[in-house]
file work11.cif (mmCIF, C-alpha atoms)
data_coords
loop_
_atom_site.label_atom_id
_atom_site.label_comp_id
_atom_site.auth_asym_id
_atom_site.auth_seq_id
_atom_site.Cartn_x
_atom_site.Cartn_y
_atom_site.Cartn_z
CA MET A 1 36.06 -11.43 -2.79
CA GLU A 2 35.58 -7.77 -1.84
CA ILE A 3 32.09 -6.30 -2.29
CA LEU A 4 30.46 -2.90 -1.83
CA PHE A 5 26.73 -2.95 -1.01
CA ILE A 6 24.65 0.21 -1.50
CA SER A 7 21.05 0.37 -0.31
CA HIS A 8 18.43 2.78 1.04
CA LYS A 9 16.36 -0.19 2.31
CA TYR A 10 17.85 -1.47 5.55
CA PRO A 11 16.88 -2.13 9.18
CA PRO A 12 15.74 -0.80 11.57
CA THR A 13 13.12 0.11 8.95
CA ILE A 14 10.83 -2.91 8.64
CA GLY A 15 9.94 -4.49 5.31
CA GLY A 16 10.64 -7.38 2.97
CA MET A 17 13.30 -5.55 0.97
CA GLU A 18 14.99 -4.34 4.16
CA LYS A 19 15.08 -7.90 5.51
CA GLN A 20 16.41 -9.26 2.21
CA CYS A 21 19.18 -6.66 2.09
CA PHE A 22 20.20 -7.26 5.70
CA GLU A 23 20.35 -11.05 5.28
CA LEU A 24 22.30 -10.79 2.03
CA ILE A 25 24.94 -8.55 3.60
CA GLN A 26 25.14 -10.61 6.79
CA HIS A 27 25.71 -13.85 4.88
CA ALA A 28 28.17 -12.21 2.48
CA GLU A 29 30.21 -10.88 5.42
CA ALA A 30 30.71 -14.43 6.68
CA GLN A 31 32.75 -15.32 3.59
CA ASN A 32 34.00 -12.07 2.08
CA LYS A 33 35.33 -8.61 2.82
CA VAL A 34 32.28 -6.34 2.75
CA HIS A 35 31.75 -2.58 2.68
CA LYS A 36 28.31 -1.00 2.87
CA VAL A 37 26.62 2.33 2.38
CA VAL A 38 23.11 1.86 3.78
CA HIS A 39 20.41 4.12 5.11
CA LEU A 40 20.00 3.88 8.88
CA SER A 41 16.76 5.64 9.68
CA GLU A 42 17.65 6.34 13.31
CA GLU A 43 20.78 8.25 12.25
CA GLU A 44 19.67 10.41 9.30
CA SER A 45 16.79 11.21 7.01
CA LYS A 46 16.36 9.58 3.62
CA VAL A 47 16.98 12.95 1.96
CA SER A 48 20.29 13.34 3.80
CA PHE A 49 21.30 9.82 2.80
CA PHE A 50 20.82 10.49 -0.90
CA LEU A 51 22.50 13.91 -0.73
CA LYS A 52 25.63 12.39 0.82
CA LEU A 53 25.54 9.15 -1.16
CA ARG A 54 27.97 9.99 -3.99
CA ARG A 55 30.61 11.42 -1.66
CA ARG A 56 30.43 8.39 0.64
CA VAL A 57 30.67 5.89 -2.20
CA LYS A 58 33.60 7.70 -3.82
CA LYS A 59 35.44 7.74 -0.49
CA ILE A 60 35.03 3.97 0.00
CA LEU A 61 36.11 3.24 -3.57
CA SER A 62 39.20 5.42 -3.29
CA GLU A 63 40.21 3.85 0.03
CA ASN A 64 39.53 0.27 -1.12
CA PRO A 65 40.89 -0.25 -4.66
CA SER A 66 40.52 -4.04 -4.34
CA ILE A 67 36.70 -3.92 -4.41
CA GLU A 68 35.61 -6.33 -7.14
CA VAL A 69 31.83 -5.88 -7.32
CA ILE A 70 29.31 -3.17 -6.41
CA HIS A 71 25.74 -4.19 -5.60
CA LEU A 72 22.73 -1.85 -5.74
CA ASN A 73 19.75 -3.31 -3.93
CA ASP A 74 16.83 -1.87 -5.91
CA GLY A 75 15.87 0.10 -8.99
CA LEU A 76 15.67 3.48 -7.23
CA MET A 77 19.21 2.94 -5.99
CA GLY A 78 20.14 2.20 -9.58
CA LEU A 79 18.76 5.58 -10.64
CA PHE A 80 20.82 7.47 -8.06
CA CYS A 81 23.98 5.54 -8.95
CA LEU A 82 23.96 5.84 -12.75
CA TRP A 83 27.11 7.93 -12.43
CA LEU A 84 29.04 4.86 -11.26
CA LYS A 85 29.44 3.46 -14.77
CA ASN A 86 31.31 6.61 -15.81
CA TYR A 87 33.36 6.70 -12.62
CA THR A 88 34.70 3.16 -12.27
CA ASP A 89 35.21 -0.03 -14.27
CA ILE A 90 34.19 -2.19 -11.30
CA PRO A 91 31.20 -4.38 -12.28
CA VAL A 92 27.92 -2.99 -10.95
CA VAL A 93 25.06 -5.41 -10.21
CA LEU A 94 21.49 -4.21 -9.70
CA THR A 95 18.60 -6.10 -8.07
CA PHE A 96 15.03 -5.57 -9.28
CA HIS A 97 12.20 -6.58 -6.93
CA GLY A 98 9.16 -5.89 -9.11
CA LEU A 99 7.63 -2.43 -8.74
CA ASP A 100 11.05 -0.82 -9.10
CA LEU A 101 11.21 -2.27 -12.63
CA VAL A 102 7.66 -1.63 -13.86
CA PHE A 103 7.14 1.75 -12.13
CA PRO A 104 4.88 3.69 -14.55
CA ASN A 105 6.85 6.86 -15.13
CA ARG A 106 8.00 7.83 -18.62
CA PHE A 107 11.27 9.39 -17.44
CA TYR A 108 12.10 6.38 -15.26
CA GLN A 109 11.32 3.85 -18.00
CA LYS A 110 13.41 5.90 -20.45
CA LYS A 111 16.36 5.68 -18.08
CA ILE A 112 15.86 1.92 -17.76
CA ARG A 113 16.09 1.52 -21.53
CA GLU A 114 18.91 4.04 -22.08
CA ARG A 115 21.13 3.73 -19.03
CA TYR A 116 20.24 0.81 -16.78
CA ILE A 117 21.11 -1.63 -19.53
CA ASN A 118 24.74 -0.56 -19.07
CA TYR A 119 24.86 -2.20 -15.67
CA ASP A 120 26.93 -5.37 -15.75
CA GLY A 121 24.36 -7.67 -14.20
CA ILE A 122 20.70 -7.64 -13.24
CA ILE A 123 19.39 -9.91 -10.47
CA CYS A 124 15.62 -10.42 -10.38
CA VAL A 125 13.74 -11.97 -7.47
CA SER A 126 11.46 -13.97 -9.77
CA THR A 127 11.20 -15.30 -13.30
CA ALA A 128 8.30 -12.91 -13.95
CA THR A 129 10.46 -9.93 -12.99
CA ALA A 130 13.32 -11.25 -15.13
CA GLN A 131 11.01 -11.42 -18.15
CA GLU A 132 9.95 -7.82 -17.53
CA ALA A 133 13.65 -6.87 -17.56
CA ILE A 134 14.29 -8.68 -20.84
CA ASN A 135 11.19 -7.03 -22.32
CA ARG A 136 12.79 -3.67 -21.53
CA GLY A 137 15.96 -4.46 -23.44
CA PHE A 138 18.29 -6.10 -20.92
CA ALA A 139 20.47 -8.75 -22.55
CA PRO A 140 19.28 -12.20 -21.36
CA GLU A 141 22.86 -13.22 -20.52
CA LYS A 142 23.04 -10.31 -18.06
CA VAL A 143 19.81 -11.27 -16.26
CA PHE A 144 19.89 -13.70 -13.33
CA VAL A 145 17.03 -15.01 -11.20
CA VAL A 146 17.66 -15.42 -7.47
CA ALA A 147 14.60 -16.01 -5.32
CA ASN A 148 14.44 -14.37 -1.91
CA GLY A 149 15.01 -16.49 1.15
CA VAL A 150 13.17 -16.87 4.42
CA ASP A 151 14.23 -17.34 8.02
CA LYS A 152 14.06 -21.10 8.61
CA ASP A 153 14.12 -20.60 12.37
CA LEU A 154 10.48 -19.53 12.13
CA ALA A 155 9.64 -23.22 11.88
CA ASN A 156 10.90 -23.61 15.47
CA PHE A 157 8.67 -20.90 16.89
CA ASN A 158 6.97 -22.09 20.08
CA ALA A 159 3.35 -21.24 19.27
CA LYS A 160 0.96 -21.01 22.21
CA PRO A 161 -2.62 -21.09 20.87
CA THR A 162 -4.19 -20.34 24.26
CA GLU A 163 -2.19 -17.12 24.59
CA ALA A 164 -3.07 -16.09 21.03
CA LEU A 165 -6.77 -16.69 21.69
CA TYR A 166 -6.58 -14.72 24.93
CA PHE A 167 -4.92 -11.82 23.08
CA LEU A 168 -7.71 -11.72 20.49
CA LYS A 169 -10.32 -11.68 23.24
CA LYS A 170 -8.61 -8.99 25.29
CA ALA A 171 -7.50 -6.73 22.44
CA TYR A 172 -10.46 -7.03 20.04
CA ASN A 173 -13.23 -8.68 22.07
CA ILE A 174 -13.28 -11.59 19.64
CA ASP A 175 -14.04 -15.02 21.06
CA ALA A 176 -12.02 -17.05 18.55
CA TYR A 177 -12.22 -20.41 20.34
CA ASP A 178 -14.94 -21.57 17.99
CA LYS A 179 -13.83 -19.48 14.98
CA ARG A 180 -11.95 -20.48 11.88
CA ILE A 181 -9.30 -17.87 11.27
CA ILE A 182 -8.07 -16.51 7.96
CA THR A 183 -5.13 -14.10 8.08
CA THR A 184 -3.75 -11.50 5.66
CA LEU A 185 -0.51 -9.60 6.13
CA GLY A 186 0.99 -6.57 4.46
CA ARG A 187 0.73 -2.90 3.69
CA PRO A 188 -2.70 -1.80 2.40
CA VAL A 189 -1.70 -1.19 -1.23
CA LYS A 190 -4.08 -1.98 -4.07
CA ARG A 191 -2.02 -4.74 -5.67
CA LYS A 192 -2.28 -6.78 -2.44
CA GLY A 193 -5.98 -7.24 -3.19
CA PHE A 194 -7.21 -6.69 0.37
CA SER A 195 -10.12 -4.43 -0.57
CA TRP A 196 -11.04 -6.81 -3.41
CA PHE A 197 -11.06 -9.71 -0.94
CA LEU A 198 -13.23 -7.83 1.56
CA LYS A 199 -15.69 -6.78 -1.12
CA ASN A 200 -15.96 -9.95 -3.19
CA VAL A 201 -15.10 -12.93 -0.98
CA VAL A 202 -15.49 -12.30 2.75
CA PRO A 203 -19.23 -11.43 2.79
CA ASP A 204 -20.10 -14.91 1.45
CA LEU A 205 -17.87 -16.91 3.81
CA PRO A 206 -19.45 -18.91 6.67
CA GLU A 207 -20.43 -16.98 9.78
CA ASP A 208 -17.83 -18.73 11.93
CA VAL A 209 -14.96 -17.35 9.83
CA CYS A 210 -12.91 -14.49 11.27
CA VAL A 211 -10.50 -12.56 9.03
CA LEU A 212 -7.46 -10.99 10.68
CA MET A 213 -5.87 -8.19 8.66
CA ILE A 214 -2.37 -7.59 10.03
CA GLY A 215 -0.28 -4.70 8.79
CA PRO A 216 0.69 -1.08 9.37
CA LEU A 217 -2.05 1.52 9.68
CA SER A 218 -1.45 5.19 9.08
CA GLY A 219 -4.78 6.31 10.53
CA PRO A 220 -7.22 8.75 8.95
CA LYS A 221 -5.43 11.86 7.71
CA LYS A 222 -6.60 15.36 7.05
CA LYS A 223 -6.08 16.47 3.47
CA SER A 224 -2.99 18.64 3.24
CA ILE A 225 -2.51 21.56 0.86
CA TRP A 226 0.00 19.35 -0.99
CA SER A 227 -2.54 16.57 -1.48
CA LEU A 228 -5.12 19.05 -2.77
CA LEU A 229 -2.74 20.67 -5.27
CA VAL A 230 -1.05 17.55 -6.66
CA PRO A 231 -3.00 15.79 -9.44
CA ARG A 232 -4.40 12.38 -8.44
CA ALA A 233 -2.43 10.54 -11.16
CA LEU A 234 0.87 12.03 -9.98
CA LYS A 235 0.02 11.41 -6.34
CA ASP A 236 -0.69 7.74 -7.13
CA LYS A 237 2.75 7.38 -8.71
CA ILE A 238 4.46 9.05 -5.78
CA GLU A 239 2.65 6.68 -3.41
CA LEU A 240 3.76 3.71 -5.51
CA LEU A 241 7.40 4.77 -5.51
CA THR A 242 7.52 5.62 -1.80
CA GLY A 243 5.45 2.66 -0.62
CA GLY A 244 2.38 4.70 0.23
CA VAL A 245 -0.79 2.99 1.44
CA ASN A 246 -3.16 3.61 -1.49
CA ASP A 247 -5.82 1.06 -0.45
CA GLU A 248 -6.33 2.02 3.17
CA ALA A 249 -9.19 4.47 2.67
CA GLU A 250 -11.26 1.91 0.75
CA ILE A 251 -10.53 -0.79 3.33
CA ARG A 252 -11.69 1.50 6.14
CA SER A 253 -14.86 2.28 4.20
CA LEU A 254 -15.61 -1.39 3.54
CA LEU A 255 -15.17 -2.29 7.19
CA GLN A 256 -18.12 -0.06 8.01
CA ASN A 257 -20.44 -2.37 6.06
CA ALA A 258 -22.83 -4.36 8.22
CA ASN A 259 -21.95 -7.66 6.51
CA LEU A 260 -18.33 -7.34 7.68
CA GLN A 261 -19.00 -6.21 11.24
CA GLY A 262 -17.47 -8.67 13.69
CA LYS A 263 -16.14 -10.74 10.80
CA VAL A 264 -12.98 -8.76 10.05
CA ILE A 265 -10.41 -7.43 12.53
CA GLN A 266 -7.81 -4.93 11.35
CA THR A 267 -5.03 -5.25 13.91
CA GLY A 268 -2.50 -2.81 12.56
CA LYS A 269 1.20 -3.54 13.00
CA LEU A 270 2.05 -6.15 15.66
CA PRO A 271 5.26 -7.27 17.40
CA PHE A 272 6.89 -10.07 15.42
CA ASN A 273 6.32 -12.73 18.06
CA ARG A 274 2.66 -11.79 18.26
CA LEU A 275 2.44 -11.98 14.48
CA LEU A 276 3.94 -15.47 14.47
CA SER A 277 1.55 -16.65 17.17
CA LEU A 278 -1.45 -15.48 15.12
CA LEU A 279 -0.07 -17.03 11.94
CA SER A 280 0.35 -20.31 13.78
CA LEU A 281 -3.20 -20.07 15.12
CA SER A 282 -4.68 -19.38 11.67
CA ASP A 283 -6.40 -22.00 9.57
CA LEU A 284 -5.51 -20.26 6.31
CA PHE A 285 -3.24 -17.46 5.13
CA VAL A 286 -4.44 -15.60 2.03
CA MET A 287 -2.50 -13.46 -0.43
CA PRO A 288 -5.26 -12.32 -2.83
CA ASN A 289 -3.20 -10.05 -5.10
CA VAL A 290 -4.83 -8.40 -8.09
CA LYS A 291 -3.31 -7.01 -11.28
CA MET A 292 -2.55 -3.29 -11.13
CA ALA A 293 -1.11 -1.35 -14.04
CA GLY A 294 2.37 -0.10 -13.20
CA ASP A 295 2.71 -2.19 -10.06
CA ALA A 296 3.80 -5.77 -9.47
CA GLU A 297 4.46 -8.30 -6.71
CA GLY A 298 8.06 -9.37 -7.17
CA PHE A 299 7.97 -12.26 -4.74
CA GLY A 300 5.90 -13.45 -1.76
CA LEU A 301 8.04 -13.48 1.38
CA VAL A 302 5.10 -13.22 3.79
CA ALA A 303 3.57 -16.34 2.23
CA LEU A 304 6.77 -18.29 2.95
CA GLU A 305 6.73 -17.05 6.55
CA ALA A 306 3.15 -18.23 6.95
CA SER A 307 4.09 -21.59 5.44
CA LEU A 308 6.84 -22.02 8.02
CA CYS A 309 4.18 -21.52 10.69
CA GLU A 310 2.37 -24.61 9.28
CA THR A 311 -0.44 -22.44 7.92
CA VAL A 312 -1.81 -23.40 4.52
CA VAL A 313 -1.36 -20.56 2.04
CA LEU A 314 -3.82 -19.55 -0.69
CA ALA A 315 -2.24 -17.04 -3.07
CA SER A 316 -2.96 -15.45 -6.42
CA ASP A 317 -1.26 -17.07 -9.38
CA LEU A 318 0.20 -13.75 -10.41
CA GLU A 319 3.55 -12.11 -11.19
CA GLY A 320 6.34 -13.23 -8.83
CA ILE A 321 4.16 -15.05 -6.29
CA PRO A 322 4.58 -18.50 -7.94
CA GLU A 323 8.30 -18.12 -7.27
CA ALA A 324 7.51 -18.38 -3.55
CA ILE A 325 4.39 -20.55 -3.50
CA GLN A 326 4.47 -23.63 -5.71
CA ASN A 327 1.01 -25.01 -6.28
CA GLY A 328 0.29 -28.10 -4.22
CA LYS A 329 3.81 -28.12 -2.73
CA ASN A 330 3.80 -25.33 -0.16
CA GLY A 331 0.41 -23.78 -0.78
CA TYR A 332 -2.19 -23.30 -3.47
CA LEU A 333 -2.27 -20.84 -6.35
CA LEU A 334 -5.68 -19.48 -7.31
CA PRO A 335 -6.72 -17.34 -10.29
CA SER A 336 -6.43 -13.68 -9.40
CA GLY A 337 -9.76 -11.87 -9.21
CA ASP A 338 -11.92 -14.99 -9.51
CA ALA A 339 -14.12 -14.60 -6.44
CA GLU A 340 -16.06 -17.82 -6.98
CA VAL A 341 -12.92 -19.96 -7.04
CA TRP A 342 -11.58 -18.22 -3.95
CA LYS A 343 -14.81 -18.72 -2.00
CA LYS A 344 -15.15 -22.35 -3.06
CA THR A 345 -11.52 -23.17 -2.21
CA ILE A 346 -11.69 -21.51 1.21
CA VAL A 347 -14.89 -23.35 2.14
CA GLU A 348 -13.47 -26.69 0.95
CA LYS A 349 -10.23 -26.25 2.86
CA LEU A 350 -11.92 -25.19 6.08
CA ALA A 351 -14.26 -28.18 5.91
CA ASN A 352 -11.47 -30.68 6.69
CA SER A 353 -9.37 -29.52 9.63
CA GLN A 354 -7.37 -32.75 9.80
CA LEU A 355 -6.32 -32.53 6.14
CA LEU A 356 -5.51 -28.86 6.60
CA ALA A 357 -3.18 -29.70 9.50
CA GLU A 358 -1.48 -32.46 7.49
CA GLU A 359 -0.98 -30.14 4.52
CA GLY A 360 0.39 -27.44 6.81
CA LYS A 361 3.13 -29.77 8.04
CA ALA A 362 3.97 -31.08 4.56
CA PHE A 363 4.04 -27.58 3.05
CA GLN A 364 6.26 -26.34 5.87
CA GLN A 365 8.78 -29.08 5.08
CA PHE A 366 8.82 -28.17 1.39
CA THR A 367 9.50 -24.53 2.26
CA LEU A 368 12.31 -25.58 4.61
CA ASP A 369 13.86 -27.77 1.93
CA ASN A 370 13.72 -25.20 -0.87
CA TYR A 371 14.06 -21.69 0.59
CA GLY A 372 16.49 -19.99 2.92
CA TRP A 373 18.66 -16.90 3.28
CA THR A 374 21.87 -18.92 2.98
CA LYS A 375 20.76 -20.38 -0.34
CA MET A 376 19.81 -16.92 -1.61
CA ALA A 377 23.11 -15.36 -0.51
CA ASN A 378 25.18 -18.15 -2.07
CA GLU A 379 23.40 -17.65 -5.39
CA TYR A 380 24.10 -13.90 -5.21
CA LEU A 381 27.76 -14.62 -4.52
CA GLU A 382 27.92 -16.93 -7.54
CA VAL A 383 26.70 -14.07 -9.72
CA PHE A 384 29.19 -11.69 -8.12
CA GLU A 385 32.04 -14.15 -8.68
CA LYS A 386 31.08 -14.59 -12.31
CA LEU A 387 30.90 -10.86 -13.00
CA GLY A 388 33.93 -10.04 -10.85
CA SER A 389 36.06 -12.43 -12.84
CA LEU A 390 35.21 -10.48 -16.01
CA LYS A 391 36.68 -7.26 -14.60
#

call {"tool": "encode", "arguments": {"input": "work11.cif", "output": "structure tokens"}}
result
Amino acid sequence: MEILFISHKYPPTIGGMEKQCFELIQHAEAQNKVHKVVHLSEEESKVSFFLKLRRRVKKILSENPSIEVIHLNDGLMGLFCLWLKNYTDIPVVLTFHGLDLVFPNRFYQKKIRERYINYDGIICVSTATAQEAINRGFAPEKVFVVANGVDKDLANFNAKPTEALYFLKKAYNIDAYDKRIITTLGRPVKRKGFSWFLKNVVPDLPEDVCVLMIGPLSGPKKKSIWSLLVPRALKDKIELLTGGVNDEAEIRSLLQNANLQGKVIQTGKLPFNRLLSLLSLSDLFVMPNVKMAGDAEGFGLVALEASLCETVVLASDLEGIPEAIQNGKNGYLLPSGDAEVWKKTIVEKLANSQLLAEEGKAFQQFTLDNYGWTKMANEYLEVFEKLGSLK
């Protein structure tokens, strides 16, 4: 079939949604005729992309009348393309990832209820996100669940523990040879639970535990005139929508505490191969998400990546995370915000290194058997075929 993909989330920008969009388009191109209007950050600004969006889409549609389905890769894209339903009778499919559905803005939620429901199909990355869509008035028969994939080749990564240990010593002066390593990964946003984990769990962990916090750092910033004039509530919503790092200041403050000194290393963003080597070296990977009003974790791609590195995953049993981590099959789901359970589970798991290694291998195999970009793309194409046939 012939498909038009429209997205403002695309490489070279790095992120889970960008990776998902890229893999979907790449796999679709192998079997179908594909057109795309995507934001390429090295070629133009995001503002320029949105200003030129309608003209570019109209041009492609006029030059390619055989297009059967249009796909919009997130809720913000859906907002900018509401005009499509008045312009063409081609089925339009929209993917919701989590935050883009629950974003706490009255105008946005009004549009979801009034206009988004006119889209022909809604694909959600988890059952939890799908339920949120149905709660907002989407017809259940229009809502489809397609879990994100993961790059199975990560399981073949040639990990070199000695090199990873040397890197930690050279870069952070941490002698990790006799340490048990727990790793977190992601942007410092409140729903990820990093500050909660540092405050409520890490101080009580054994002294030989080292926590590696991997993810982008923006660095301390001077307060701008804009930040002083904009009300805090509005600024929080803007940060949510744009992917701002609203937990970084608290994390930096917590790391100054004496009980975390030498116990937590915030690495910032790392090259992908370096990231994989540290994941492979780690004893545990934690995803301690907490509930935040107006925000949600749609899936848990980083947890799948850690699983493919044979690292046992502990994740919050919250929102879309159980779509990626299935309890006892490729990791463990723990109650969100229950510090005692988290501390007890971590101590128990670290106490038996042989069992941890065995679980890591078994959980990796489950992830390999049940997740992948090809599987995800094929399920998307099934939805497209179904909706395209109704044209």

call {"tool": "resolve_selection", "arguments": {"input": "work11.cif", "expression": "the PyMOL selection byres ((chain A and resi 21) around 8)", "output": "JSON, numbers by chain"}}
result
{"A": [7, 9, 10, 17, 18, 19, 20, 22, 23, 24, 25, 73]}

call {"tool": "resolve_selection", "arguments": {"input": "work11.cif", "expression": "the PyMOL selection byres ((chain A and resi 6) around 6)", "output": "list of chain:residue names"}}
result
A:Phe5, A:Ser7, A:Lys36, A:Val37, A:Val38, A:Leu72

call {"tool": "write_last_selection", "arguments": {"input": "work11.cif", "atoms": "C-alpha atoms", "output": "compact mmCIF listing (two decimals), in the frame of the given file"}}
result
# COMPACT_ATOMS: atom_id res chain seq x y z
CA PHE A 5 26.73 -2.95 -1.01
CA SER A 7 21.05 0.37 -0.31
CA LYS A 36 28.31 -1.00 2.87
CA VAL A 37 26.62 2.33 2.38
CA VAL A 38 23.11 1.86 3.78
CA LEU A 72 22.73 -1.85 -5.74

call {"tool": "resolve_selection", "arguments": {"input": "work11.cif", "expression": "the PyMOL selection byres ((chain A and resi 168) around 12)", "output": "number ranges by chain"}}
result
A: 161-167, 169-177, 179, 181, 210-212, 265-267, 274-275, 277-278, 281

call {"tool": "write_last_selection", "arguments": {"input": "work11.cif", "atoms": "C-alpha atoms", "output": "compact mmCIF listing (two decimals), in the coordinates of the input"}}
result
# COMPACT_ATOMS: atom_id res chain seq x y z
CA PRO A 161 -2.62 -21.09 20.87
CA THR A 162 -4.19 -20.34 24.26
CA GLU A 163 -2.19 -17.12 24.59
CA ALA A 164 -3.07 -16.09 21.03
CA LEU A 165 -6.77 -16.69 21.69
CA TYR A 166 -6.58 -14.72 24.93
CA PHE A 167 -4.92 -11.82 23.08
CA LYS A 169 -10.32 -11.68 23.24
CA LYS A 170 -8.61 -8.99 25.29
CA ALA A 171 -7.50 -6.73 22.44
CA TYR A 172 -10.46 -7.03 20.04
CA ASN A 173 -13.23 -8.68 22.07
CA ILE A 174 -13.28 -11.59 19.64
CA ASP A 175 -14.04 -15.02 21.06
CA ALA A 176 -12.02 -17.05 18.55
CA TYR A 177 -12.22 -20.41 20.34
CA LYS A 179 -13.83 -19.48 14.98
CA ILE A 181 -9.30 -17.87 11.27
CA CYS A 210 -12.91 -14.49 11.27
CA VAL A 211 -10.50 -12.56 9.03
CA LEU A 212 -7.46 -10.99 10.68
CA ILE A 265 -10.41 -7.43 12.53
CA GLN A 266 -7.81 -4.93 11.35
CA THR A 267 -5.03 -5.25 13.91
CA ARG A 274 2.66 -11.79 18.26
CA LEU A 275 2.44 -11.98 14.48
CA SER A 277 1.55 -16.65 17.17
CA LEU A 278 -1.45 -15.48 15.12
CA LEU A 281 -3.20 -20.07 15.12

call {"tool": "atom_distance", "arguments": {"input": "work11.cif", "atom1": "CA of Leu356 (chain A)", "atom2": "CA of Leu270 (chain A)"}}
result
25.6 Å

call {"tool": "closest_residue", "arguments": {"input": "work11.cif", "among": "A:Leu61, A:Leu355, A:Met287, A:Ala315", "to": "Leu185 (chain A)", "atoms": "all atoms listed in the file"}}
result
A:Met287

call {"tool": "closest_residue", "arguments": {"input": "work11.cif", "among": "A:Asp120, A:Glu63, A:Asp74, A:Glu348", "to": "Leu99 (chain A)", "atoms": "all atoms listed in the file"}}
result
A:Asp74

call {"tool": "closest_atom_pairs", "arguments": {"input": "work11.cif", "of": "region 112-196 of chain A", "to": "region 317-340 of chain A", "cutoff": "12 Å", "atoms": "only C-alpha atoms", "output": "JSON lines"}}
result
{"residue": "A:Cys124", "atom": "CA", "partner": "A:Gly320", "partner_atom": "CA", "distance": 9.8}
{"residue": "A:Val125", "atom": "CA", "partner": "A:Gly320", "partner_atom": "CA", "distance": 7.6}
{"residue": "A:Ser126", "atom": "CA", "partner": "A:Gly320", "partner_atom": "CA", "distance": 5.3}
{"residue": "A:Thr127", "atom": "CA", "partner": "A:Gly320", "partner_atom": "CA", "distance": 6.9}
{"residue": "A:Ala128", "atom": "CA", "partner": "A:Gly320", "partner_atom": "CA", "distance": 5.5}
{"residue": "A:Thr129", "atom": "CA", "partner": "A:Gly320", "partner_atom": "CA", "distance": 6.7}
{"residue": "A:Ala130", "atom": "CA", "partner": "A:Gly320", "partner_atom": "CA", "distance": 9.6}
{"residue": "A:Gln131", "atom": "CA", "partner": "A:Glu319", "partner_atom": "CA", "distance": 10.2}
{"residue": "A:Glu132", "atom": "CA", "partner": "A:Glu319", "partner_atom": "CA", "distance": 10.0}
{"residue": "A:Val145", "atom": "CA", "partner": "A:Glu323", "partner_atom": "CA", "distance": 10.1}
{"residue": "A:Val146", "atom": "CA", "partner": "A:Glu323", "partner_atom": "CA", "distance": 9.7}
{"residue": "A:Ala147", "atom": "CA", "partner": "A:Glu323", "partner_atom": "CA", "distance": 6.9}
{"residue": "A:Asn148", "atom": "CA", "partner": "A:Ala324", "partner_atom": "CA", "distance": 8.2}
{"residue": "A:Gly149", "atom": "CA", "partner": "A:Ala324", "partner_atom": "CA", "distance": 9.1}
{"residue": "A:Val150", "atom": "CA", "partner": "A:Ala324", "partner_atom": "CA", "distance": 9.9}
{"residue": "A:Arg191", "atom": "CA", "partner": "A:Leu318", "partner_atom": "CA", "distance": 10.4}
{"residue": "A:Lys192", "atom": "CA", "partner": "A:Ser336", "partner_atom": "CA", "distance": 10.6}
{"residue": "A:Gly193", "atom": "CA", "partner": "A:Gly337", "partner_atom": "CA", "distance": 8.5}
{"residue": "A:Phe194", "atom": "CA", "partner": "A:Gly337", "partner_atom": "CA", "distance": 11.2}
{"residue": "A:Ser195", "atom": "CA", "partner": "A:Gly337", "partner_atom": "CA", "distance": 11.4}
{"residue": "A:Trp196", "atom": "CA", "partner": "A:Gly337", "partner_atom": "CA", "distance": 7.8}

call {"tool": "write_last_selection", "arguments": {"input": "work11.cif", "atoms": "C-alpha atoms", "output": "CSV table (one decimal), keeping the file's coordinate frame"}}
result
chain,number,residue,atom,x,y,z
A,124,CYS,CA,15.6,-10.4,-10.4
A,125,VAL,CA,13.7,-12.0,-7.5
A,126,SER,CA,11.5,-14.0,-9.8
A,127,THR,CA,11.2,-15.3,-13.3
A,128,ALA,CA,8.3,-12.9,-14.0
A,129,THR,CA,10.5,-9.9,-13.0
A,130,ALA,CA,13.3,-11.2,-15.1
A,131,GLN,CA,11.0,-11.4,-18.2
A,132,GLU,CA,10.0,-7.8,-17.5
A,145,VAL,CA,17.0,-15.0,-11.2
A,146,VAL,CA,17.7,-15.4,-7.5
A,147,ALA,CA,14.6,-16.0,-5.3
A,148,ASN,CA,14.4,-14.4,-1.9
A,149,GLY,CA,15.0,-16.5,1.2
A,150,VAL,CA,13.2,-16.9,4.4
A,191,ARG,CA,-2.0,-4.7,-5.7
A,192,LYS,CA,-2.3,-6.8,-2.4
A,193,GLY,CA,-6.0,-7.2,-3.2
A,194,PHE,CA,-7.2,-6.7,0.4
A,195,SER,CA,-10.1,-4.4,-0.6
A,196,TRP,CA,-11.0,-6.8,-3.4

call {"tool": "closest_residue", "arguments": {"input": "work11.cif", "among": "A:Val341, A:Ala30, A:Ile14, A:Val290", "to": "Phe272 (chain A)", "atoms": "only C-alpha atoms"}}
result
A:Ile14

call {"tool": "residues_around", "arguments": {"input": "work11.cif", "residues": "region 307-312 of chain A", "least_positions_apart": "6", "cutoff": "6 Å", "atoms": "all atoms listed in the file", "output": "PyMOL selection string"}}
result
chain A and resi 155+280+284+331+360-361+364

call {"tool": "atom_distance", "arguments": {"input": "work11.cif", "atom1": "CA of Glu382 (chain A)", "atom2": "CA of His97 (chain A)"}}
result
18.8 Å

call {"tool": "closest_residue", "arguments": {"input": "work11.cif", "among": "A:Leu40, A:Leu4, A:Val47, A:Leu387", "to": "Lys59 (chain A)", "atoms": "all atoms listed in the file"}}
result
A:Leu4

call {"tool": "atom_distance", "arguments": {"input": "work11.cif", "atom1": "CA of Ala357 (chain A)", "atom2": "CA of Ala159 (chain A)"}}
result
14.5 Å

call {"tool": "closest_residue", "arguments": {"input": "work11.cif", "among": "A:Val286, A:Leu217, A:Met292, A:Leu314", "to": "Lys269 (chain A)", "atoms": "only C-alpha atoms"}}
result
A:Leu217

call {"tool": "decode", "arguments": {"input": "work11.cif", "residues": "region 94-98 of chain A", "atoms": "C-alpha atoms", "output": "mmCIF file, in the first residue's frame"}}
result
data_model
loop_
_atom_site.group_PDB
_atom_site.id
_atom_site.type_symbol
_atom_site.label_atom_id
_atom_site.label_comp_id
_atom_site.auth_asym_id
_atom_site.auth_seq_id
_atom_site.Cartn_x
_atom_site.Cartn_y
_atom_site.Cartn_z
ATOM 1 C CA LEU A 94 -2.768 8.919 15.001
ATOM 2 C CA THR A 95 -0.379 7.348 17.525
ATOM 3 C CA PHE A 96 -0.564 8.290 21.203
ATOM 4 C CA HIS A 97 2.492 7.579 23.377
ATOM 5 C CA GLY A 98 1.216 8.637 26.800
#
